[in-house]
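Enquirer: This is the content of protein-v3.cif (mmCIF, C-alpha atoms):
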data_input
loop_
_atom_site.label_atom_id
_atom_site.label_comp_id
_atom_site.auth_asym_id
_atom_site.auth_seq_id
_atom_site.Cartn_x
_atom_site.Cartn_y
_atom_site.Cartn_z
CA MET U 54 39.89 190.94 -174.96
CA ASP U 55 39.65 187.29 -175.97
CA GLN U 56 42.66 185.05 -176.62
CA THR U 57 42.50 185.50 -180.40
CA GLN U 58 42.58 189.29 -180.02
CA VAL U 59 45.56 188.98 -177.66
CA LEU U 60 47.31 186.86 -180.28
CA VAL U 61 46.56 189.36 -183.09
CA GLN U 62 48.03 192.19 -180.98
CA ALA U 63 51.13 190.11 -180.18
CA ILE U 64 51.62 189.38 -183.89
CA ILE U 65 51.35 193.08 -184.72
CA HIS U 66 53.89 193.91 -182.00
CA GLY U 67 56.25 191.31 -183.46
CA LEU U 68 55.94 192.79 -186.93
CA GLN U 69 56.39 196.35 -185.68
CA GLU U 70 59.42 195.38 -183.57
CA LYS U 71 61.38 194.57 -186.74
CA LYS U 72 59.94 197.47 -188.77
CA GLY U 73 57.43 195.45 -190.77
CA LYS U 74 55.47 197.68 -193.16
CA ASN U 75 51.95 197.96 -194.55
CA ILE U 76 50.42 195.71 -191.87
CA VAL U 77 46.73 194.91 -192.22
CA ILE U 78 44.26 192.77 -190.30
CA VAL U 79 41.64 191.00 -192.40
CA ASP U 80 38.59 190.09 -190.29
CA LEU U 81 37.13 186.80 -191.50
CA THR U 82 34.89 186.19 -188.48
CA PRO U 83 31.65 186.87 -190.41
CA PHE U 84 32.44 184.17 -192.99
CA GLU U 85 31.29 180.69 -192.07
CA GLY U 86 33.82 178.10 -193.15
CA ALA U 87 36.76 180.54 -193.42
CA ILE U 88 40.12 178.91 -192.70
CA CYS U 89 40.75 181.27 -189.77
CA GLN U 90 39.20 184.18 -187.89
CA TYR U 91 41.84 186.75 -188.83
CA MET U 92 44.67 187.14 -191.31
CA VAL U 93 47.51 189.47 -190.45
CA ILE U 94 49.50 190.52 -193.50
CA GLY U 95 52.72 192.51 -193.53
CA GLU U 96 55.88 192.91 -195.53
CA GLY U 97 59.62 193.29 -195.30
CA ASN U 98 61.99 194.80 -197.85
CA THR U 99 64.39 191.85 -198.18
CA PRO U 100 64.32 188.09 -197.59
CA THR U 101 66.51 188.70 -194.53
CA GLN U 102 63.95 191.12 -193.08
CA VAL U 103 61.05 188.79 -193.93
CA ALA U 104 62.82 186.00 -191.99
CA ALA U 105 63.51 188.37 -189.07
CA LEU U 106 59.84 189.40 -189.03
CA CYS U 107 58.83 185.73 -188.84
CA ASP U 108 61.21 185.14 -185.92
CA SER U 109 59.90 188.23 -184.14
CA VAL U 110 56.25 187.22 -184.59
CA TRP U 111 57.06 183.75 -183.27
CA GLU U 112 58.74 185.23 -180.19
CA PHE U 113 56.05 187.84 -179.44
CA ALA U 114 53.20 185.35 -179.91
CA ARG U 115 54.89 182.99 -177.45
CA LYS U 116 55.71 185.67 -174.86
CA GLU U 117 52.63 187.93 -175.05
CA ALA U 118 49.92 185.41 -175.96
CA GLY U 119 51.36 182.06 -174.87
CA GLU U 120 50.77 180.70 -178.38
CA LYS U 121 52.89 178.53 -180.66
CA THR U 122 52.49 178.10 -184.41
CA LEU U 123 50.89 175.00 -185.79
CA SER U 124 53.10 175.34 -188.86
CA ILE U 125 55.38 177.75 -190.72
CA ASP U 126 55.96 177.57 -194.47
CA GLY U 127 58.26 179.49 -196.81
CA GLU U 128 61.21 180.09 -194.49
CA GLN U 129 63.86 178.84 -196.93
CA ARG U 130 63.28 181.45 -199.64
CA ALA U 131 61.72 184.04 -197.32
CA GLU U 132 59.75 185.73 -200.10
CA TRP U 133 56.42 184.77 -198.54
CA ILE U 134 56.27 183.15 -195.12
CA GLY U 135 52.98 181.79 -193.83
CA MET U 136 52.46 181.17 -190.13
CA ASP U 137 49.42 179.21 -188.96
CA TYR U 138 48.16 179.84 -185.44
CA GLY U 139 44.81 178.13 -186.03
CA THR U 140 42.54 181.12 -185.43
CA VAL U 141 45.05 183.52 -187.03
CA MET U 142 47.08 183.18 -190.22
CA VAL U 143 50.11 185.43 -190.66
CA HIS U 144 51.49 186.24 -194.11
CA ILE U 145 54.82 188.06 -194.39
CA PHE U 146 55.76 189.04 -197.93
CA LEU U 147 58.34 190.78 -200.03
CA PRO U 148 56.47 193.73 -201.62
CA GLU U 149 56.40 192.29 -205.17
CA ARG U 150 55.08 188.91 -203.94
CA ARG U 151 52.40 190.62 -201.87
CA LYS U 152 51.27 192.70 -204.84
CA PHE U 153 51.10 189.59 -207.03
CA TYR U 154 49.00 187.49 -204.60
CA ASN U 155 46.93 190.42 -203.26
CA LEU U 156 45.43 188.38 -200.40
CA GLU U 157 43.65 191.39 -198.91
CA THR U 158 41.14 191.35 -201.75
CA LEU U 159 40.24 187.64 -201.74
CA TRP U 160 37.28 188.28 -199.45
CA GLU U 161 35.80 191.46 -200.89
CA ASP U 162 33.27 191.84 -198.05
CA ALA U 163 35.86 191.39 -195.28
CA LYS U 164 36.80 194.32 -193.10
CA VAL U 165 40.45 195.26 -193.60
CA LYS U 166 42.09 197.36 -190.91
CA ALA U 167 45.39 199.07 -191.74
CA ILE U 168 47.94 199.40 -188.94
CA PRO U 169 50.10 202.54 -189.16
CA ASN U 170 53.77 201.97 -189.99
CA VAL U 171 56.20 202.49 -187.12
CA GLU U 172 59.20 204.59 -188.04
#
Transcribe the structure of this file into structure tokens.
Expert:
Amino acid sequence: MDQTQVLVQAIIHGLQEKKGKNIVIVDLTPFEGAICQYMVIGEGNTPTQVAALCDSVWEFARKEAGEKTLSIDGEQRAEWIGMDYGTVMVHIFLPERRKFYNLETLWEDAKVKAIPNVE
């Protein structure tokens, strides 16, 4: 498993640790010029949970993959937090924001893999 795959798995673990829902991985590796190789998208039910998911992803990426974010945006309102790891972008939404932006469908040819919710 290469470093990017290790990072993707760490991000998923971080989201699952705080009960993130509807997690998907969007594979952008076939698209030349894409801003990253993978997008990981998930959601929390409240701004407090969205912020906790961000903190958990940060911690798991650091511990399991030895990676730090290049930047994090959206923490103040915590309706949509974006985390940039260079090769991987993480988007953590409130459900209504996620539905509005619908990032999963921006690249219609991209493979989207759903990760089962953890109860």
Enquirer: Please expand the PyMOL selection byres ((chain U and resi 167) around 9) into the concrete residues it hits in this file, giving the result as a VMD selection string.
Expert: chain U and resid 75 to 79 165 to 166 168 to 169
Enquirer: Check what the PyMOL selection byres ((chain U and resi 145-153) around 6) selects in the file above and give those residues as a JSON list (two decimals) with C-alpha atoms, keeping the file's coordinate frame.
Expert:
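Done, and the output landed in expr36.json:
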[["chain", "number", "residue", "atom", "x", "y", "z"],
["U", 94, "ILE", "CA", 49.50, 190.52, -193.50],
["U", 95, "GLY", "CA", 52.72, 192.51, -193.53],
["U", 96, "GLU", "CA", 55.88, 192.91, -195.53],
["U", 97, "GLY", "CA", 59.62, 193.29, -195.30],
["U", 98, "ASN", "CA", 61.99, 194.80, -197.85],
["U", 132, "GLU", "CA", 59.75, 185.73, -200.10],
["U", 133, "TRP", "CA", 56.42, 184.77, -198.54],
["U", 134, "ILE", "CA", 56.27, 183.15, -195.12],
["U", 144, "HIS", "CA", 51.49, 186.24, -194.11],
["U", 154, "TYR", "CA", 49.00, 187.49, -204.60],
["U", 155, "ASN", "CA", 46.93, 190.42, -203.26]]
Enquirer: Between U:Glu70, U:Glu172, U:Asp137, U:Glu85, which is the closest to U:Lys121 once you count only C-alpha atoms?
Expert: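 Ranked by minimum distance to U:Lys121, first place goes to U:Asp137.
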Enquirer: Using the chain letters and numbers from the file, which residues does the PyMOL selection byres ((chain U and resi 130) around 10) grab, as a ChimeraX atom specification?
Expert: /U:100-101,103-104,126-129,131-134
Enquirer: Atom CA of U:Lys72 to atom CA of U:Ser109: how many Å, to one decimal?
Expert: 10.3 Å
